[in-house]
Amino acid sequence: MNVYDEVNNLAKAIKDSKEYQEYKEIKNELSALPDLKSQIDEFEKIRYEEQLLAMQGEAQSEEKMKKLHELYEILVKNPKVKDYFDKEVRFNVLIADVNKIIGEAIKDVL
């Protein structure tokens, strides 16, 4: 068994998965709506910055967290954006599960 062949098979399986296909489709749809995409990009930028702070053990900005919450509340009123967030979560769960399985398989040498 060649590990690289198996990884390529895994990559293909991920790209063929329902989670990936649905997430890619809704992401492409929203990309065609510049104003909405801009709002989502702003939300994701703030979310990323706050996640980075949390991972570094630093305190999150109350102001940015409030802005993040407000943006989310505005965005999810749009059914397309709500669907986007839902599909993003499902795809991220799939990737987290794959990472967990790989991590479990090699934990004895880490």
# chains A, B, ... in the order shown; residues from 1 in each chain; ligands from 1
$ select_by_dssp --residues "range 58-96 of chain A" --states "alpha helix (DSSP H)" --output "number ranges by chain"
A: 62-75, 79-96
$ closest_residue --among "A:Arg47, A:Lys18, A:His69, A:Lys27" --to "Phe91 in chain A" --atoms "only C-alpha atoms"
A:Lys18
$ atom_distance --atom1 "CA of Lys24 in chain A" --atom2 "CA of Asp83 in chain A"
11.9 Å
$ residues_around --residues "Met65 in chain A" --least-positions-apart "4" --cutoff "10 Å" --atoms "only C-alpha atoms" --output "list in words"
Ile46, Arg47, Glu50, Gln60, Ser61, His69, Glu70 and Leu71 of chain A
$ closest_residue --among "A:Val76, A:Val81, A:Val93, A:Val98" --to "Ile26 in chain A" --atoms "only C-alpha atoms"
A:Val81
$ atom_distance --atom1 "CA of Lys12 in chain A" --atom2 "CA of Asp108 in chain A"
27.5 Å
$ closest_residue --among "A:Lys45, A:Tyr84, A:Leu10, A:Tyr72" --to "Glu22 in chain A" --atoms "only C-alpha atoms"
A:Tyr84
